[in-house]
Amino acid sequence: MIYTSVDIGSHSIKIVVSEKINDKFYVLASTSVRSSGIKKGIIKDKELALNSLKEAITNINKDLGVSITKVFLSFPLFLVNTSIETADVSVSGIVSFDDIKNVINKTVSENISSKEEVLYLEPIVFEIDSDLQVIDPKGLTAEKLKVRCAVSTIEKKYLYDYFTLFQELKVEVVDLTYGVIGDYFENANMEMNRKLGVLVNLGYSKSEIAIFNKGIMLKGEVLPIGTKKIDKDISYIYKIDKKEAIQLKENFAVSSSKYADINNYIELDNLNGERIKINQVEISQIIEARLKEILKSVKNEINNLTNRTISYIIITGGITNLVGFPYLVDEEFKIDKIVSNITSIGVRNNIYSTSLGLNKYFAYKAKSRNIDYLLFDLENKEKLTSKKNKVSTRDNLIEKIEAYLKG
């Protein structure tokens, strides 16, 4: 099965195409392009947004050798409403799959406005005859089946502009959710699926924080602080333009001055025409100070979201690529930690955390709810298979080399 997920942010658009073979996911193509015309998940300039999306899809089509026509889409947590909803239905004897589906659907029909679209719906617990609580009631005897679900919705008015863009590019959005769900599926492990924890995505203009309990997202919040503050700091202090500041951050500096080299420096001309020398330790101290401030704000917001004991924290986002970032997390959080580390062939960058994970989430959703996602028509799938066969020898060689190097 082949899955294609699109992650649209205010800073960039990421697309990942994955194929699932024997419960493993292999990346067939990926791309990341700068986005324009989008702010806080809302399309402000349709033409600019369309051009950005078109560039991303064109890149993917070129890499695949075929055109994608159907995709999964994620939305930022900023636009999402989360709640816990309940519903119950009468059952005549043995609880069937249809009974489970009916009671889950009832949580939507009874509690969700027609102006909203459901992005996420996961049952937390089922109740049999107001007496027994179970995770899976199928096959049990009951007169009444009740369910408690975690539900997340978005106002439909925010969807129309996005759907219009995809329609103009002749691409259909077949399902959607929000980004932190993908981040969780990409980074969490089986142990975390049994505990209460938090997922943090440090974005460019904002930071998303979500509370997960036993793999189910219960609530979330968005902090209006992101890594663009780092770019502004570098630009202001050294009097250089923003693009140059980003290049220095991504290709020269590290996130913790502990890992910087005092003898490593770069010379360049600033906006005043002056020749300046930038030391790696000094610029890393600027980044470190801002990151510590952001992490402290994240920690405070976690405390606002829940008073329960958190067992783990997952942190992802493009800034986590910087050398030394896990060290800063260790200083701030004294719990089990995972800092995103994407190593899949074709996407060795943490910016793809959401898109990669979304493909895994929708695969899980298809399996658990018996949904048949057909993202490639027969003709395109045959073309893609032909292209894959041509490169399979090289891919197998790379995998064998990597396996050897890992010991």
# chains A, B, ... in the order shown; residues from 1 in each chain; ligands from 1
call {"tool": "residues_around", "arguments": {"residues": "Tyr265 of chain A", "least_positions_apart": "4", "cutoff": "8 Å", "atoms": "only C-alpha atoms", "output": "NGL selection string"}}
result
:A and (277-280)
call {"tool": "closest_atom_pairs", "arguments": {"of": "segment 60-149 of chain A", "to": "segment 177-192 of chain A", "cutoff": "9 Å", "atoms": "only C-alpha atoms", "output": "CSV"}}
result
residue,atom,partner,partner_atom,distance
A:Phe72,CA,A:Thr177,CA,8.1
A:Leu73,CA,A:Thr177,CA,6.6
A:Ser74,CA,A:Tyr178,CA,4.5
A:Phe75,CA,A:Tyr178,CA,4.4
A:Pro76,CA,A:Tyr178,CA,5.7
A:Leu77,CA,A:Tyr178,CA,6.2
A:Val80,CA,A:Tyr178,CA,7.9
A:Val118,CA,A:Thr177,CA,8.1
A:Leu119,CA,A:Thr177,CA,4.4
A:Tyr120,CA,A:Thr177,CA,6.0
call {"tool": "residues_around", "arguments": {"residues": "Asn270 of chain A", "least_positions_apart": "6", "cutoff": "9 Å", "atoms": "only C-alpha atoms", "output": "PyMOL selection string"}}
result
chain A and resi 238-241+276
call {"tool": "residues_around", "arguments": {"residues": "Lys106 of chain A", "least_positions_apart": "5", "cutoff": "10 Å", "atoms": "only C-alpha atoms", "output": "MDAnalysis selection string"}}
result
chainID A and resid 85:89 100:101 111:112 147
call {"tool": "decode", "arguments": {"residues": "segment 46-118 of chain A", "atoms": "C-alpha atoms", "output": "PDB file, in the first residue's frame"}}
result
ATOM      1  CA  LYS A  46      -4.439  32.000  -2.342  1.00  0.00           C
ATOM      2  CA  GLU A  47      -2.167  32.654  -5.310  1.00  0.00           C
ATOM      3  CA  LEU A  48       1.035  32.513  -3.264  1.00  0.00           C
ATOM      4  CA  ALA A  49      -0.168  29.421  -1.390  1.00  0.00           C
ATOM      5  CA  LEU A  50      -1.126  27.726  -4.669  1.00  0.00           C
ATOM      6  CA  ASN A  51       2.304  28.378  -6.166  1.00  0.00           C
ATOM      7  CA  SER A  52       4.045  26.894  -3.119  1.00  0.00           C
ATOM      8  CA  LEU A  53       1.857  23.781  -3.123  1.00  0.00           C
ATOM      9  CA  LYS A  54       2.269  23.395  -6.876  1.00  0.00           C
ATOM     10  CA  GLU A  55       6.050  23.480  -6.517  1.00  0.00           C
ATOM     11  CA  ALA A  56       5.969  20.785  -3.841  1.00  0.00           C
ATOM     12  CA  ILE A  57       3.659  18.490  -5.826  1.00  0.00           C
ATOM     13  CA  THR A  58       5.692  19.044  -9.011  1.00  0.00           C
ATOM     14  CA  ASN A  59       8.835  17.962  -7.146  1.00  0.00           C
ATOM     15  CA  ILE A  60       7.129  14.791  -5.907  1.00  0.00           C
ATOM     16  CA  ASN A  61       5.722  13.919  -9.326  1.00  0.00           C
ATOM     17  CA  LYS A  62       9.151  14.369 -10.887  1.00  0.00           C
ATOM     18  CA  ASP A  63      10.812  12.093  -8.324  1.00  0.00           C
ATOM     19  CA  LEU A  64       8.127   9.416  -8.616  1.00  0.00           C
ATOM     20  CA  GLY A  65       7.840   9.521 -12.380  1.00  0.00           C
ATOM     21  CA  VAL A  66       4.033   9.539 -11.981  1.00  0.00           C
ATOM     22  CA  SER A  67       1.490  12.084 -10.804  1.00  0.00           C
ATOM     23  CA  ILE A  68      -0.043  11.835  -7.362  1.00  0.00           C
ATOM     24  CA  THR A  69      -3.806  12.354  -7.466  1.00  0.00           C
ATOM     25  CA  LYS A  70      -4.852  11.645  -3.861  1.00  0.00           C
ATOM     26  CA  VAL A  71      -3.270  12.675  -0.566  1.00  0.00           C
ATOM     27  CA  PHE A  72      -3.700  12.840   3.194  1.00  0.00           C
ATOM     28  CA  LEU A  73      -3.543  16.336   4.683  1.00  0.00           C
ATOM     29  CA  SER A  74      -2.589  17.656   8.117  1.00  0.00           C
ATOM     30  CA  PHE A  75      -3.669  20.850   9.834  1.00  0.00           C
ATOM     31  CA  PRO A  76      -1.971  22.798  12.627  1.00  0.00           C
ATOM     32  CA  LEU A  77      -3.194  22.352  16.175  1.00  0.00           C
ATOM     33  CA  PHE A  78      -3.862  26.100  16.225  1.00  0.00           C
ATOM     34  CA  LEU A  79      -7.168  25.572  14.385  1.00  0.00           C
ATOM     35  CA  VAL A  80      -8.278  22.435  16.242  1.00  0.00           C
ATOM     36  CA  ASN A  81     -10.896  22.047  18.985  1.00  0.00           C
ATOM     37  CA  THR A  82     -10.483  19.029  21.288  1.00  0.00           C
ATOM     38  CA  SER A  83     -13.058  17.434  23.601  1.00  0.00           C
ATOM     39  CA  ILE A  84     -14.122  14.199  25.300  1.00  0.00           C
ATOM     40  CA  GLU A  85     -17.507  12.975  24.073  1.00  0.00           C
ATOM     41  CA  THR A  86     -19.762  10.055  25.047  1.00  0.00           C
ATOM     42  CA  ALA A  87     -22.620   8.127  23.450  1.00  0.00           C
ATOM     43  CA  ASP A  88     -24.465   4.856  23.949  1.00  0.00           C
ATOM     44  CA  VAL A  89     -26.533   2.423  21.877  1.00  0.00           C
ATOM     45  CA  SER A  90     -28.760  -0.556  22.617  1.00  0.00           C
ATOM     46  CA  VAL A  91     -27.316  -3.965  21.798  1.00  0.00           C
ATOM     47  CA  SER A  92     -29.229  -7.179  21.189  1.00  0.00           C
ATOM     48  CA  GLY A  93     -26.929  -9.815  22.634  1.00  0.00           C
ATOM     49  CA  ILE A  94     -23.386 -10.115  21.332  1.00  0.00           C
ATOM     50  CA  VAL A  95     -21.518  -6.867  20.609  1.00  0.00           C
ATOM     51  CA  SER A  96     -20.531  -6.792  16.931  1.00  0.00           C
ATOM     52  CA  PHE A  97     -18.167  -4.615  14.903  1.00  0.00           C
ATOM     53  CA  ASP A  98     -21.233  -2.737  13.588  1.00  0.00           C
ATOM     54  CA  ASP A  99     -22.363  -1.992  17.163  1.00  0.00           C
ATOM     55  CA  ILE A 100     -18.941  -0.518  17.927  1.00  0.00           C
ATOM     56  CA  LYS A 101     -18.980   1.535  14.738  1.00  0.00           C
ATOM     57  CA  ASN A 102     -22.518   2.785  15.451  1.00  0.00           C
ATOM     58  CA  VAL A 103     -21.760   3.977  18.993  1.00  0.00           C
ATOM     59  CA  ILE A 104     -18.571   5.724  17.863  1.00  0.00           C
ATOM     60  CA  ASN A 105     -20.409   7.432  15.014  1.00  0.00           C
ATOM     61  CA  LYS A 106     -23.091   8.510  17.475  1.00  0.00           C
ATOM     62  CA  THR A 107     -20.530  10.528  19.444  1.00  0.00           C
ATOM     63  CA  VAL A 108     -20.183  12.629  16.302  1.00  0.00           C
ATOM     64  CA  SER A 109     -23.836  12.871  15.295  1.00  0.00           C
ATOM     65  CA  GLU A 110     -24.960  13.872  18.807  1.00  0.00           C
ATOM     66  CA  ASN A 111     -22.117  16.156  19.851  1.00  0.00           C
ATOM     67  CA  ILE A 112     -20.464  17.695  16.786  1.00  0.00           C
ATOM     68  CA  SER A 113     -21.889  20.699  14.933  1.00  0.00           C
ATOM     69  CA  SER A 114     -22.593  20.466  11.198  1.00  0.00           C
ATOM     70  CA  LYS A 115     -20.196  23.388  10.801  1.00  0.00           C
ATOM     71  CA  GLU A 116     -17.311  21.235  12.045  1.00  0.00           C
ATOM     72  CA  GLU A 117     -15.260  18.471  10.443  1.00  0.00           C
ATOM     73  CA  VAL A 118     -13.840  15.640  12.555  1.00  0.00           C
TER      74      VAL A 118
END
